[in-house]
file protein.txt (compact mmCIF, C-alpha atoms)
# COMPACT_ATOMS: atom_id res chain seq x y z
CA MET Z 820 -16.25 9.13 -14.16
CA GLU Z 821 -17.13 12.75 -13.43
CA ARG Z 822 -14.23 14.34 -11.60
CA ASN Z 823 -15.95 17.38 -10.16
CA ARG Z 824 -18.97 15.89 -8.50
CA PRO Z 825 -19.10 16.05 -4.68
CA LEU Z 826 -17.71 12.96 -3.04
CA SER Z 827 -18.79 13.25 0.57
CA PHE Z 828 -21.12 15.23 2.80
CA LEU Z 829 -21.19 16.46 6.37
CA LEU Z 830 -24.60 17.37 7.84
CA VAL Z 831 -24.79 19.62 10.89
CA ALA Z 832 -28.40 20.40 11.90
CA SER Z 833 -29.94 22.27 8.96
CA PHE Z 834 -26.57 23.64 7.80
CA PHE Z 835 -24.73 21.47 5.32
CA VAL Z 836 -21.30 21.47 3.74
CA THR Z 837 -20.49 19.92 0.38
CA PHE Z 838 -16.98 18.59 -0.08
CA GLY Z 839 -15.93 18.76 -3.70
CA ALA Z 840 -13.46 16.42 -5.23
CA CYS Z 841 -10.53 18.29 -3.78
CA GLY Z 842 -11.90 21.29 -1.91
CA LEU Z 843 -14.55 22.65 0.40
CA GLN Z 844 -17.67 24.48 -0.72
CA VAL Z 845 -19.81 26.17 1.96
CA PRO Z 846 -23.30 27.25 0.88
CA ASP Z 847 -24.17 30.93 1.15
CA GLU Z 848 -25.26 31.84 4.67
CA GLY Z 849 -28.55 33.25 3.50
CA LYS Z 850 -29.34 30.21 1.40
CA ALA Z 851 -28.42 27.76 4.11
CA GLY Z 852 -30.27 29.66 6.79
CA ALA Z 853 -27.71 28.68 9.39
CA ASP Z 854 -27.57 30.59 12.65
CA SER Z 855 -24.43 31.29 14.63
CA ALA Z 856 -24.83 28.20 16.83
CA GLU Z 857 -24.88 25.95 13.80
CA ARG Z 858 -21.83 27.67 12.35
CA GLY Z 859 -20.06 27.20 15.65
CA LEU Z 860 -20.93 23.52 15.59
CA LEU Z 861 -19.52 23.28 12.08
CA VAL Z 862 -16.26 24.93 13.13
CA GLN Z 863 -16.01 22.56 16.06
CA ALA Z 864 -16.62 19.58 13.77
CA LEU Z 865 -13.87 20.68 11.40
CA SER Z 866 -11.32 21.56 14.07
CA GLY Z 867 -8.80 19.11 15.43
CA PRO Z 868 -5.16 18.13 15.20
CA PRO Z 869 -3.25 18.48 11.94
CA PRO Z 870 -3.18 15.43 9.65
CA GLN Z 871 -0.36 12.90 9.88
CA LEU Z 872 0.87 10.93 6.87
CA THR Z 873 2.74 7.63 7.28
CA GLN Z 874 2.31 5.66 4.04
CA ILE Z 875 1.42 6.08 0.35
CA SER Z 876 0.55 2.98 -1.66
CA PRO Z 877 1.55 2.45 -4.38
CA SER Z 878 4.58 4.64 -3.78
CA LEU Z 879 5.27 5.52 -7.42
CA GLY Z 880 3.37 6.58 -10.51
CA ALA Z 881 3.86 8.08 -13.97
CA ALA Z 882 4.21 11.84 -14.25
CA VAL Z 883 1.32 11.72 -16.72
CA GLY Z 884 -0.91 11.20 -13.67
CA GLY Z 885 -4.01 9.11 -13.14
CA ALA Z 886 -2.68 6.48 -10.73
CA THR Z 887 -5.06 5.56 -7.89
CA VAL Z 888 -3.16 6.05 -4.64
CA VAL Z 889 -4.15 5.36 -1.02
CA LEU Z 890 -2.72 7.61 1.70
CA THR Z 891 -2.59 6.27 5.26
CA GLY Z 892 -2.11 8.29 8.43
CA LYS Z 893 -4.13 9.95 11.19
CA TYR Z 894 -6.72 12.67 11.74
CA PHE Z 895 -7.88 12.92 8.11
CA GLN Z 896 -10.99 15.12 7.86
CA PRO Z 897 -13.64 15.26 5.13
CA GLY Z 898 -12.77 18.04 2.69
CA ILE Z 899 -9.06 17.34 2.95
CA VAL Z 900 -7.00 18.77 0.07
CA VAL Z 901 -4.14 16.67 -1.31
CA ARG Z 902 -1.31 18.03 -3.46
CA PHE Z 903 1.43 16.10 -5.24
CA ASN Z 904 4.44 18.25 -6.09
CA GLY Z 905 2.26 21.32 -5.50
CA VAL Z 906 -0.47 20.13 -7.91
CA PRO Z 907 -3.91 19.57 -6.29
CA CYS Z 908 -5.66 16.25 -6.89
CA SER Z 909 -8.84 16.46 -8.91
CA VAL Z 910 -10.30 13.32 -7.29
CA VAL Z 911 -10.14 12.73 -3.53
CA SER Z 912 -12.17 10.08 -1.72
CA TRP Z 913 -12.18 10.41 2.07
CA LEU Z 914 -12.40 6.80 3.29
CA SER Z 915 -11.91 7.31 7.01
CA SER Z 916 -9.95 9.38 9.50
CA THR Z 917 -6.90 7.29 8.62
CA GLN Z 918 -7.23 6.71 4.86
CA VAL Z 919 -7.78 8.81 1.74
CA SER Z 920 -7.83 7.57 -1.84
CA VAL Z 921 -6.79 9.97 -4.59
CA SER Z 922 -6.02 10.07 -8.27
CA ALA Z 923 -2.45 11.31 -8.55
CA PRO Z 924 -2.34 14.48 -10.66
CA ALA Z 925 -0.23 14.97 -13.74
CA SER Z 926 3.07 16.62 -12.98
CA PRO Z 927 4.86 17.18 -16.30
CA GLY Z 928 8.61 16.95 -16.03
CA ALA Z 929 8.55 15.60 -12.48
CA ARG Z 930 10.92 12.74 -11.81
CA GLY Z 931 11.93 11.19 -8.52
CA LEU Z 932 10.59 11.83 -5.05
CA VAL Z 933 8.12 14.71 -4.76
CA PRO Z 934 6.45 16.42 -1.78
CA VAL Z 935 2.92 15.32 -0.91
CA GLU Z 936 0.87 17.77 1.15
CA LEU Z 937 -2.40 17.22 2.98
CA SER Z 938 -4.37 20.27 4.16
CA HIS Z 939 -7.49 20.45 6.31
CA PRO Z 940 -10.21 23.03 5.69
CA ASP Z 941 -9.00 24.87 8.83
CA GLY Z 942 -5.52 25.30 7.29
CA LYS Z 943 -3.69 22.66 9.31
CA SER Z 944 -1.45 20.58 7.07
CA VAL Z 945 1.39 18.09 6.79
CA MET Z 946 3.96 17.55 4.04
CA ARG Z 947 6.12 14.50 3.38
CA GLY Z 948 8.78 14.43 0.68
CA ASP Z 949 9.92 10.83 1.06
CA LEU Z 950 6.87 8.71 0.27
CA PHE Z 951 5.96 9.13 -3.42
CA TYR Z 952 8.05 8.89 -6.57
CA TYR Z 953 7.17 10.05 -10.10
CA TYR Z 954 8.76 8.24 -13.01
CA SER Z 955 9.14 9.64 -16.52
CA ASP Z 956 6.16 9.54 -18.89
CA SER Z 957 8.32 8.06 -21.63
CA ILE Z 958 10.65 5.26 -20.62
CA ALA Z 959 13.59 4.47 -22.89
CA TRP Z 960 15.06 1.09 -22.07
CA GLN Z 961 18.80 1.12 -21.55
CA PRO Z 962 21.19 -1.83 -21.25
CA ALA Z 963 20.76 -3.59 -17.91
CA TYR Z 964 23.39 -3.25 -15.21
CA GLN Z 965 23.99 -5.81 -12.52
CA TYR Z 966 24.61 -4.82 -8.93
CA GLY Z 967 25.54 -7.09 -6.06
CA ALA Z 968 26.27 -10.09 -8.28
CA ASP Z 969 26.90 -12.33 -5.28
CA LEU Z 970 23.49 -11.59 -3.74
CA ARG Z 971 20.77 -14.24 -3.97
CA VAL Z 972 17.77 -11.97 -4.20
CA ARG Z 973 14.33 -13.28 -3.24
CA SER Z 974 12.36 -10.02 -2.99
CA PHE Z 975 12.95 -6.31 -3.23
CA GLY Z 976 11.45 -2.95 -2.43
CA LEU Z 977 12.07 0.65 -3.45
CA GLY Z 978 12.21 3.76 -1.30
CA ASP Z 979 14.39 6.63 -0.11
CA VAL Z 980 16.11 5.11 2.91
CA ASN Z 981 18.68 7.91 3.38
CA ARG Z 982 16.34 10.83 2.60
CA ASP Z 983 18.49 12.33 -0.15
CA GLY Z 984 15.66 12.48 -2.68
CA LYS Z 985 16.99 9.53 -4.70
CA LEU Z 986 15.28 6.18 -4.98
CA ASP Z 987 17.11 3.30 -3.31
CA ALA Z 988 16.71 -0.48 -3.62
CA ILE Z 989 16.21 -2.82 -0.66
CA VAL Z 990 16.58 -6.57 -1.32
CA THR Z 991 16.74 -9.82 0.62
CA ASP Z 992 19.92 -11.88 0.22
CA ASN Z 993 18.51 -15.35 0.86
CA LEU Z 994 21.83 -17.21 0.70
CA HIS Z 995 23.83 -15.06 3.13
CA GLY Z 996 21.10 -13.97 5.54
CA ASN Z 997 21.21 -10.25 4.84
CA VAL Z 998 19.07 -7.33 3.81
CA ALA Z 999 21.03 -5.33 1.26
CA VAL Z 1000 20.51 -1.62 0.62
CA LEU Z 1001 21.73 -0.18 -2.67
CA LEU Z 1002 21.70 3.60 -2.41
CA GLY Z 1003 20.60 5.32 -5.58
CA ASN Z 1004 22.74 7.78 -7.50
CA SER Z 1005 21.39 10.76 -9.42
CA ASP Z 1006 22.06 9.05 -12.78
CA GLY Z 1007 19.88 5.98 -12.16
CA SER Z 1008 22.76 3.76 -11.02
CA PHE Z 1009 23.28 2.34 -7.54
CA ALA Z 1010 26.11 2.24 -5.03
CA PRO Z 1011 27.52 -1.10 -3.83
CA PRO Z 1012 25.20 -2.87 -1.39
CA LYS Z 1013 25.23 -2.16 2.35
CA LEU Z 1014 24.47 -5.36 4.25
CA THR Z 1015 22.44 -5.77 7.44
CA PRO Z 1016 22.36 -9.28 8.99
CA VAL Z 1017 18.83 -10.55 9.59
CA VAL Z 1018 16.93 -13.79 10.13
CA ALA Z 1019 18.29 -16.85 8.33
CA ALA Z 1020 17.27 -17.31 4.69
CA PRO Z 1021 15.32 -14.04 4.40
CA ASP Z 1022 12.53 -14.26 1.87
CA SER Z 1023 9.77 -11.63 1.66
CA LEU Z 1024 10.12 -8.01 2.71
CA VAL Z 1025 7.90 -4.96 2.88
CA THR Z 1026 8.71 -1.30 3.53
CA ALA Z 1027 6.76 1.36 5.45
CA ASP Z 1028 7.27 4.08 8.06
CA LEU Z 1029 6.35 1.95 11.06
CA ASN Z 1030 7.00 4.44 13.86
CA GLY Z 1031 6.01 7.71 12.21
CA ASP Z 1032 9.45 9.32 12.39
CA GLY Z 1033 9.65 10.04 8.65
CA LYS Z 1034 12.29 7.36 8.04
CA LEU Z 1035 11.69 4.28 5.94
CA ASP Z 1036 11.59 0.98 7.81
CA VAL Z 1037 11.68 -2.65 6.63
CA ILE Z 1038 10.02 -5.88 7.76
CA VAL Z 1039 11.57 -9.15 6.59
CA GLU Z 1040 10.63 -12.79 7.22
CA GLY Z 1041 12.71 -15.94 7.03
CA GLU Z 1042 12.07 -18.86 4.73
CA ARG Z 1043 12.60 -21.43 7.48
CA SER Z 1044 12.39 -19.39 10.68
CA PRO Z 1045 9.23 -18.53 12.65
CA ASP Z 1046 10.73 -15.11 13.40
CA PHE Z 1047 10.42 -11.77 11.62
CA ASN Z 1048 12.90 -8.92 11.75
CA VAL Z 1049 11.87 -5.27 12.02
CA LEU Z 1050 14.51 -2.88 10.70
CA LEU Z 1051 13.88 0.65 11.93
CA GLY Z 1052 15.58 3.12 9.63
CA ASN Z 1053 18.15 5.62 10.91
CA GLY Z 1054 17.60 7.81 7.85
CA ASP Z 1055 21.09 7.17 6.46
CA GLY Z 1056 20.69 3.73 4.91
CA THR Z 1057 21.40 1.84 8.14
CA PHE Z 1058 18.94 0.20 10.50
CA VAL Z 1059 18.31 -0.85 14.09
CA VAL Z 1060 17.24 -4.50 13.97
CA SER Z 1061 14.74 -6.08 16.34
CA LYS Z 1062 13.02 -9.46 16.29
CA VAL Z 1063 9.36 -10.50 16.37
CA SER Z 1064 9.45 -14.11 17.53
CA GLY Z 1065 7.33 -17.19 17.02
CA ILE Z 1066 5.01 -15.99 14.25
CA VAL Z 1067 5.03 -18.58 11.47
CA ALA Z 1068 7.68 -20.56 9.62
CA GLY Z 1069 7.77 -20.42 5.85
CA ALA Z 1070 5.77 -17.25 5.27
CA HIS Z 1071 5.37 -16.53 1.56
CA GLY Z 1072 4.19 -12.93 1.59
CA LEU Z 1073 3.93 -9.75 3.64
CA ALA Z 1074 1.69 -6.70 3.22
CA THR Z 1075 1.01 -3.60 5.31
CA GLY Z 1076 -2.04 -1.44 5.93
CA ASP Z 1077 -4.22 0.03 8.66
CA PHE Z 1078 -6.78 -2.66 9.54
CA ASN Z 1079 -8.33 -1.08 12.64
CA GLY Z 1080 -8.41 2.60 11.70
CA ASP Z 1081 -6.01 3.85 14.39
CA GLY Z 1082 -3.52 5.36 11.95
CA LYS Z 1083 -0.79 2.85 12.82
CA ILE Z 1084 0.74 0.51 10.26
CA ASP Z 1085 -0.35 -3.11 10.70
CA LEU Z 1086 1.11 -6.23 9.08
CA ALA Z 1087 -0.53 -9.11 7.20
CA TYR Z 1088 1.39 -12.31 6.47
CA ALA Z 1089 0.73 -15.51 4.54
CA GLY Z 1090 2.28 -18.90 5.22
CA SER Z 1091 1.68 -22.57 4.57
CA SER Z 1092 1.77 -24.29 7.95
CA GLY Z 1093 0.82 -23.85 11.59
CA PRO Z 1094 -2.35 -22.75 13.42
CA ALA Z 1095 -1.70 -19.09 12.64
CA ALA Z 1096 -0.05 -19.52 9.25
CA THR Z 1097 -2.03 -16.64 7.78
CA GLY Z 1098 -2.89 -13.66 9.93
CA ILE Z 1099 -2.32 -10.07 10.95
CA LEU Z 1100 -0.33 -8.23 13.59
CA LEU Z 1101 -1.74 -4.90 14.74
CA GLY Z 1102 0.92 -2.22 14.99
CA ASN Z 1103 1.65 -0.21 18.11
CA GLY Z 1104 2.92 2.78 16.13
CA ASP Z 1105 6.50 2.46 17.42
CA GLY Z 1106 7.80 -0.39 15.25
CA THR Z 1107 6.48 -3.12 17.54
CA PHE Z 1108 3.41 -5.30 17.04
CA GLN Z 1109 0.79 -7.09 19.08
CA ARG Z 1110 0.44 -10.85 19.05
CA PRO Z 1111 -0.72 -12.40 15.76
CA LYS Z 1112 -4.38 -12.89 15.00
CA ALA Z 1113 -4.99 -15.85 12.72
CA LEU Z 1114 -7.23 -15.53 9.69
CA THR Z 1115 -9.38 -18.61 9.26
CA PRO Z 1116 -9.09 -20.96 7.57
CA SER Z 1117 -5.39 -20.38 8.09
CA GLY Z 1118 -2.49 -21.27 5.87
CA LEU Z 1119 -1.96 -22.49 2.33
CA LEU Z 1120 -1.79 -18.96 0.88
CA GLY Z 1121 0.99 -17.76 -1.37
CA ASN Z 1122 1.23 -14.10 -2.28
CA ILE Z 1123 -0.79 -11.60 -0.26
CA ALA Z 1124 -1.88 -7.99 -0.69
CA THR Z 1125 -4.13 -5.43 0.99
CA TRP Z 1126 -6.85 -3.45 -0.79
CA ASP Z 1127 -10.42 -2.25 -0.28
CA VAL Z 1128 -11.89 -4.69 -2.80
CA ASN Z 1129 -15.59 -4.17 -1.94
CA GLY Z 1130 -15.56 -0.37 -1.70
CA ASP Z 1131 -16.75 -0.08 1.91
CA GLY Z 1132 -13.79 2.02 3.05
CA LYS Z 1133 -12.31 -0.84 5.10
CA LEU Z 1134 -9.06 -2.53 4.21
CA ASP Z 1135 -9.25 -6.15 3.07
CA VAL Z 1136 -6.66 -8.93 2.70
CA VAL Z 1137 -6.33 -10.75 -0.63
CA GLY Z 1138 -4.34 -13.93 -1.19
CA THR Z 1139 -3.87 -16.75 -3.69
CA SER Z 1140 -4.15 -20.33 -2.47
CA LEU Z 1141 -1.10 -22.48 -3.08
CA PHE Z 1142 -2.88 -25.84 -3.14
CA PHE Z 1143 -6.65 -25.31 -3.19
CA GLY Z 1144 -6.58 -22.86 -6.07
CA GLY Z 1145 -8.54 -19.66 -6.43
CA VAL Z 1146 -8.52 -16.27 -4.76
CA TRP Z 1147 -9.30 -15.80 -1.09
CA VAL Z 1148 -10.51 -12.41 0.15
CA TYR Z 1149 -10.76 -11.63 3.86
CA LEU Z 1150 -13.15 -8.67 4.05
CA GLY Z 1151 -12.11 -6.35 6.85
CA ASN Z 1152 -14.57 -5.13 9.49
CA GLY Z 1153 -12.55 -1.94 10.01
CA ASP Z 1154 -11.67 -2.77 13.62
CA GLY Z 1155 -8.86 -5.27 13.05
CA THR Z 1156 -11.18 -8.27 12.80
CA PHE Z 1157 -12.30 -10.32 9.81
CA PRO Z 1158 -15.18 -12.73 9.13
CA ALA Z 1159 -14.75 -16.37 10.09
CA PHE Z 1160 -14.47 -17.43 6.45
CA PRO Z 1161 -13.08 -15.61 3.43
CA GLN Z 1162 -14.81 -14.87 0.16
CA GLN Z 1163 -13.55 -17.46 -2.30
CA THR Z 1164 -13.47 -17.36 -6.08
CA ASP Z 1165 -12.54 -20.56 -7.91
CA GLY Z 1166 -9.44 -20.13 -9.97
CA LEU Z 1167 -6.04 -21.48 -10.81
CA TYR Z 1168 -3.92 -23.97 -8.94
CA SER Z 1169 -0.26 -23.06 -8.38
CA ALA Z 1170 -0.96 -19.37 -8.93
CA SER Z 1171 2.17 -17.38 -8.23
CA GLY Z 1172 2.47 -13.60 -8.38
CA PHE Z 1173 -0.59 -11.37 -8.66
CA GLY Z 1174 -1.54 -7.73 -8.81
CA LEU Z 1175 -4.64 -5.64 -8.17
CA ALA Z 1176 -5.94 -2.71 -10.26
CA ASP Z 1177 -9.00 -1.57 -12.23
CA PHE Z 1178 -8.20 -2.84 -15.72
CA ASN Z 1179 -11.54 -2.18 -17.44
CA GLY Z 1180 -12.42 1.20 -15.92
CA ASP Z 1181 -15.65 0.11 -14.21
CA GLY Z 1182 -14.53 1.28 -10.76
CA LYS Z 1183 -14.14 -2.29 -9.46
CA VAL Z 1184 -10.85 -3.84 -8.47
CA ASP Z 1185 -9.65 -6.60 -10.82
CA LEU Z 1186 -6.91 -9.17 -10.36
CA ILE Z 1187 -4.16 -10.37 -12.67
CA LEU Z 1188 -2.46 -13.69 -11.86
CA GLY Z 1189 0.80 -15.28 -12.84
CA HIS Z 1190 1.18 -19.05 -13.08
CA SER Z 1191 4.07 -21.35 -12.29
CA ASP Z 1192 3.46 -23.76 -15.17
CA PRO Z 1193 5.89 -23.78 -18.15
CA SER Z 1194 3.63 -21.58 -20.28
CA GLY Z 1195 4.10 -18.61 -17.96
CA ASN Z 1196 0.57 -17.49 -18.78
CA ALA Z 1197 -0.98 -14.49 -17.09
CA PHE Z 1198 -4.71 -14.53 -16.31
CA LEU Z 1199 -7.21 -11.73 -15.71
CA MET Z 1200 -10.11 -12.05 -13.25
CA LEU Z 1201 -12.49 -9.09 -13.39
CA GLY Z 1202 -13.85 -7.93 -10.05
CA ASN Z 1203 -17.55 -7.90 -9.14
CA GLY Z 1204 -17.10 -5.12 -6.59
CA ASP Z 1205 -18.09 -7.29 -3.61
CA GLY Z 1206 -14.85 -9.16 -2.97
CA THR Z 1207 -15.47 -11.86 -5.57
CA PHE Z 1208 -14.09 -12.17 -9.09
CA GLN Z 1209 -15.23 -13.52 -12.42
CA ALA Z 1210 -13.73 -16.55 -14.15
CA ALA Z 1211 -10.15 -16.16 -15.32
CA THR Z 1212 -9.35 -15.33 -18.94
CA THR Z 1213 -5.94 -16.01 -20.45
CA LEU Z 1214 -3.83 -12.98 -21.41
CA GLY Z 1215 -0.85 -14.85 -22.85
CA GLY Z 1216 2.45 -16.17 -21.66
CA THR Z 1217 6.17 -15.52 -21.52
CA GLY Z 1218 7.26 -19.08 -22.29
CA GLY Z 1219 8.47 -19.65 -18.73
CA SER Z 1220 7.09 -19.78 -15.20
CA THR Z 1221 5.83 -16.43 -13.89
CA HIS Z 1222 6.82 -15.67 -10.30
CA GLY Z 1223 6.01 -11.98 -9.96
CA ILE Z 1224 3.82 -9.28 -11.44
CA ALA Z 1225 4.10 -5.50 -11.30
CA ILE Z 1226 1.48 -3.10 -12.69
CA ALA Z 1227 2.19 0.31 -14.21
CA ASP Z 1228 1.24 2.46 -17.23
CA VAL Z 1229 4.49 2.06 -19.16
CA ASN Z 1230 3.34 3.67 -22.42
CA GLY Z 1231 1.50 6.67 -20.97
CA ASP Z 1232 -1.89 5.89 -22.54
call {"tool": "encode", "arguments": {"input": "protein.txt", "output": "structure tokens"}}
result
Amino acid sequence: MERNRPLSFLLVASFFVTFGACGLQVPDEGKAGADSAERGLLVQALSGPPPQLTQISPSLGAAVGGATVVLTGKYFQPGIVVRFNGVPCSVVSWLSSTQVSVSAPASPGARGLVPVELSHPDGKSVMRGDLFYYYSDSIAWQPAYQYGADLRVRSFGLGDVNRDGKLDAIVTDNLHGNVAVLLGNSDGSFAPPKLTPVVAAPDSLVTADLNGDGKLDVIVEGERSPDFNVLLGNGDGTFVVSKVSGIVAGAHGLATGDFNGDGKIDLAYAGSSGPAATGILLGNGDGTFQRPKALTPSGLLGNIATWDVNGDGKLDVVGTSLFFGGVWVYLGNGDGTFPAFPQQTDGLYSASGFGLADFNGDGKVDLILGHSDPSGNAFLMLGNGDGTFQAATTLGGTGGSTHGIAIADVNGD
């Protein structure tokens, strides 16, 4: 893909502005033939509040660069410039006023959390240093260490919960009803877990800055409870816990994103029973949520993720069906609503973990699936670019059931 071609355009009367991949190019005044009124209209169009940044997904990438990253926030303008660790991105796709997709630049030698800066053409900017983490280009595997041996971990997340620039681990302790935070040390080890009591039998969790205060927050759901817990971070590894009641019992997955374009983090969940077993909760921007909106047909989904799978700039919800098999894609309308029925692609029964990425470089999102049968096979389904996928091909197995998949460039190629 050409990295320097213009990605988006803004037309104001007969005066036009071309936004390059990561900068702003204004045609010569004489060539454009723009008068002062048109220039004034352009300035007005480009003025506004400074950008706000609340989430980066995925939140980590190799220092060799090249990872596709989606930034979520508010007031994003066409022509926005994005820098990771001071290095400008060579590819920036302005999706909406609340989302920008970029290719993370190479940052040789960078390791750990790095500042991410967004700048408007008028000079207004924002910088966050707690949302994106570079890992080393070359990973040397060391002997594994075990932390919190008495924890019964069901899911985990990574982030800087105490804002010290070191990556921390957040896990659910299903047996004891806790969320455990293991603060990271500078040598790659972790401190003993700090426990926060939450809903009984906590299962899935997801992390995001839910109230825009620059501190990492956590949402966790219970295996048998219809309640969710929202843990608003204090910035020191501790949390203020609140409850969202009566959502769905037995949720299997959580995912966050901005479904209605208001710059506030929303929540998608997947469960297996009840009239609203699969749905979304629109965020209020303060750590609270509106009542759930069911996605139909509801229920019977396992893992869930959010991605723009059809390239229309609107966030979609992707899930795997526990019992019917296949992949279900709820294509977002961009206003917090979804069509009455999802796009369905026939596929595997008992699919477990899955991940989304462009594996063949055609610009379309593909899907890799794990399977819970004894072979532990992984399967690849190439995307068609419209929310559907091609038939699954077998990649090979681990010799045991696969329950989770993570995607990264581990060999730097």
call {"tool": "closest_atom_pairs", "arguments": {"input": "protein.txt", "of": "stretch 1009-1118 of chain Z", "to": "stretch 883-905 of chain Z", "cutoff": "8 Å", "atoms": "only C-alpha atoms", "output": "JSON lines"}}
result
{"residue": "Z:Gly1076", "atom": "CA", "partner": "Z:Thr891", "partner_atom": "CA", "distance": 7.8}
{"residue": "Z:Asp1077", "atom": "CA", "partner": "Z:Thr891", "partner_atom": "CA", "distance": 7.3}
{"residue": "Z:Asp1081", "atom": "CA", "partner": "Z:Lys893", "partner_atom": "CA", "distance": 7.1}
{"residue": "Z:Gly1082", "atom": "CA", "partner": "Z:Lys893", "partner_atom": "CA", "distance": 4.7}
{"residue": "Z:Lys1083", "atom": "CA", "partner": "Z:Gly892", "partner_atom": "CA", "distance": 7.1}
call {"tool": "axis_aligned_box", "arguments": {"input": "protein.txt", "around": "stretch 1029-1043 of chain Z", "padding_each_side": "3 Å", "output": "lines of an AutoDock Vina configuration file"}}
result
center_x = 9.4
center_y = -5.7
center_z = 9.3
size_x = 12.7
size_y = 37.5
size_z = 15.1
call {"tool": "closest_residue", "arguments": {"input": "protein.txt", "among": "Z:Phe1160, Z:Tyr1149, Z:Tyr954, Z:Phe1047", "to": "Z:Leu986", "atoms": "only C-alpha atoms"}}
result
Z:Tyr954
call {"tool": "residues_around", "arguments": {"input": "protein.txt", "residues": "Z:Ser878", "least_positions_apart": "4", "cutoff": "9 Å", "atoms": "all atoms listed in the file", "output": "list in words"}}
result
Gln874, Val888, Leu950, Phe951, Tyr952, Tyr953, Leu977 and Gly978 of chain Z
call {"tool": "atom_distance", "arguments": {"input": "protein.txt", "atom1": "atom CA of Z:Leu1175", "atom2": "atom CA of Z:Ser912"}}
result
18.6 Å
call {"tool": "residues_around", "arguments": {"input": "protein.txt", "residues": "stretch 993-1000 of chain Z", "least_positions_apart": "6", "cutoff": "8 Å", "atoms": "only C-alpha atoms", "output": "PDB file with C-alpha atoms, in the frame of the given file"}}
result
ATOM      1  CA  LEU Z 970      23.490 -11.590  -3.740  1.00  0.00           C
ATOM      2  CA  ARG Z 971      20.770 -14.240  -3.970  1.00  0.00           C
ATOM      3  CA  VAL Z 972      17.770 -11.970  -4.200  1.00  0.00           C
ATOM      4  CA  ARG Z 973      14.330 -13.280  -3.240  1.00  0.00           C
ATOM      5  CA  ASP Z 987      17.110   3.300  -3.310  1.00  0.00           C
ATOM      6  CA  PRO Z1012      25.200  -2.870  -1.390  1.00  0.00           C
ATOM      7  CA  LYS Z1013      25.230  -2.160   2.350  1.00  0.00           C
ATOM      8  CA  LEU Z1014      24.470  -5.360   4.250  1.00  0.00           C
ATOM      9  CA  THR Z1015      22.440  -5.770   7.440  1.00  0.00           C
ATOM     10  CA  PRO Z1016      22.360  -9.280   8.990  1.00  0.00           C
ATOM     11  CA  VAL Z1017      18.830 -10.550   9.590  1.00  0.00           C
ATOM     12  CA  VAL Z1018      16.930 -13.790  10.130  1.00  0.00           C
ATOM     13  CA  ALA Z1019      18.290 -16.850   8.330  1.00  0.00           C
ATOM     14  CA  ALA Z1020      17.270 -17.310   4.690  1.00  0.00           C
ATOM     15  CA  PRO Z1021      15.320 -14.040   4.400  1.00  0.00           C
ATOM     16  CA  ASP Z1022      12.530 -14.260   1.870  1.00  0.00           C
ATOM     17  CA  GLY Z1056      20.690   3.730   4.910  1.00  0.00           C
TER      18      GLY Z1056
END
call {"tool": "atom_distance", "arguments": {"input": "protein.txt", "atom1": "atom CA of Z:Leu1120", "atom2": "atom CA of Z:Phe975"}}
result
19.9 Å
call {"tool": "closest_residue", "arguments": {"input": "protein.txt", "among": "Z:Asn1079, Z:Gln871, Z:Arg982, Z:Phe1198", "to": "Z:Thr1057", "atoms": "all atoms listed in the file"}}
result
Z:Arg982
call {"tool": "atom_distance", "arguments": {"input": "protein.txt", "atom1": "atom CA of Z:Ala1074", "atom2": "atom CA of Z:His939"}}
result
28.8 Å
call {"tool": "residues_near_point", "arguments": {"input": "protein.txt", "point": "(-1.4, -6.2, 7.7)", "cutoff": "10 Å", "atoms": "all atoms listed in the file", "output": "PyMOL selection string"}}
result
chain Z and resi 1073-1079+1084-1088+1098-1102+1123-1125+1134-1136+1155
call {"tool": "closest_residue", "arguments": {"input": "protein.txt", "among": "Z:Ile1224, Z:Ala929, Z:Ala1159, Z:Leu1214", "to": "Z:Leu879", "atoms": "all atoms listed in the file"}}
result
Z:Ala929
call {"tool": "closest_residue", "arguments": {"input": "protein.txt", "among": "Z:Thr1213, Z:Gln1109, Z:Ser926, Z:Asn1048", "to": "Z:Val1063", "atoms": "only C-alpha atoms"}}
result
Z:Asn1048
call {"tool": "build_atoms", "arguments": {"input": "protein.txt", "residues": "stretch 969-973 of chain Z", "atoms": "N, CA, C and O atoms", "output": "mmCIF file, in the frame of the given file"}}
result
data_model
loop_
_atom_site.group_PDB
_atom_site.id
_atom_site.type_symbol
_atom_site.label_atom_id
_atom_site.label_comp_id
_atom_site.auth_asym_id
_atom_site.auth_seq_id
_atom_site.Cartn_x
_atom_site.Cartn_y
_atom_site.Cartn_z
ATOM 1 N N ASP Z 969 26.840 -11.181 -6.170
ATOM 2 C CA ASP Z 969 26.900 -12.330 -5.280
ATOM 3 C C ASP Z 969 25.673 -12.427 -4.373
ATOM 4 O O ASP Z 969 25.589 -13.329 -3.533
ATOM 5 N N LEU Z 970 24.713 -11.526 -4.528
ATOM 6 C CA LEU Z 970 23.490 -11.590 -3.740
ATOM 7 C C LEU Z 970 22.532 -12.608 -4.356
ATOM 8 O O LEU Z 970 22.440 -12.727 -5.572
ATOM 9 N N ARG Z 971 21.808 -13.319 -3.510
ATOM 10 C CA ARG Z 971 20.770 -14.240 -3.970
ATOM 11 C C ARG Z 971 19.427 -13.633 -3.597
ATOM 12 O O ARG Z 971 18.887 -13.890 -2.524
ATOM 13 N N VAL Z 972 18.921 -12.815 -4.497
ATOM 14 C CA VAL Z 972 17.770 -11.970 -4.200
ATOM 15 C C VAL Z 972 16.481 -12.770 -4.289
ATOM 16 O O VAL Z 972 16.226 -13.453 -5.284
ATOM 17 N N ARG Z 973 15.641 -12.658 -3.249
ATOM 18 C CA ARG Z 973 14.330 -13.280 -3.240
ATOM 19 C C ARG Z 973 13.212 -12.246 -3.413
ATOM 20 O O ARG Z 973 12.184 -12.533 -4.003
#
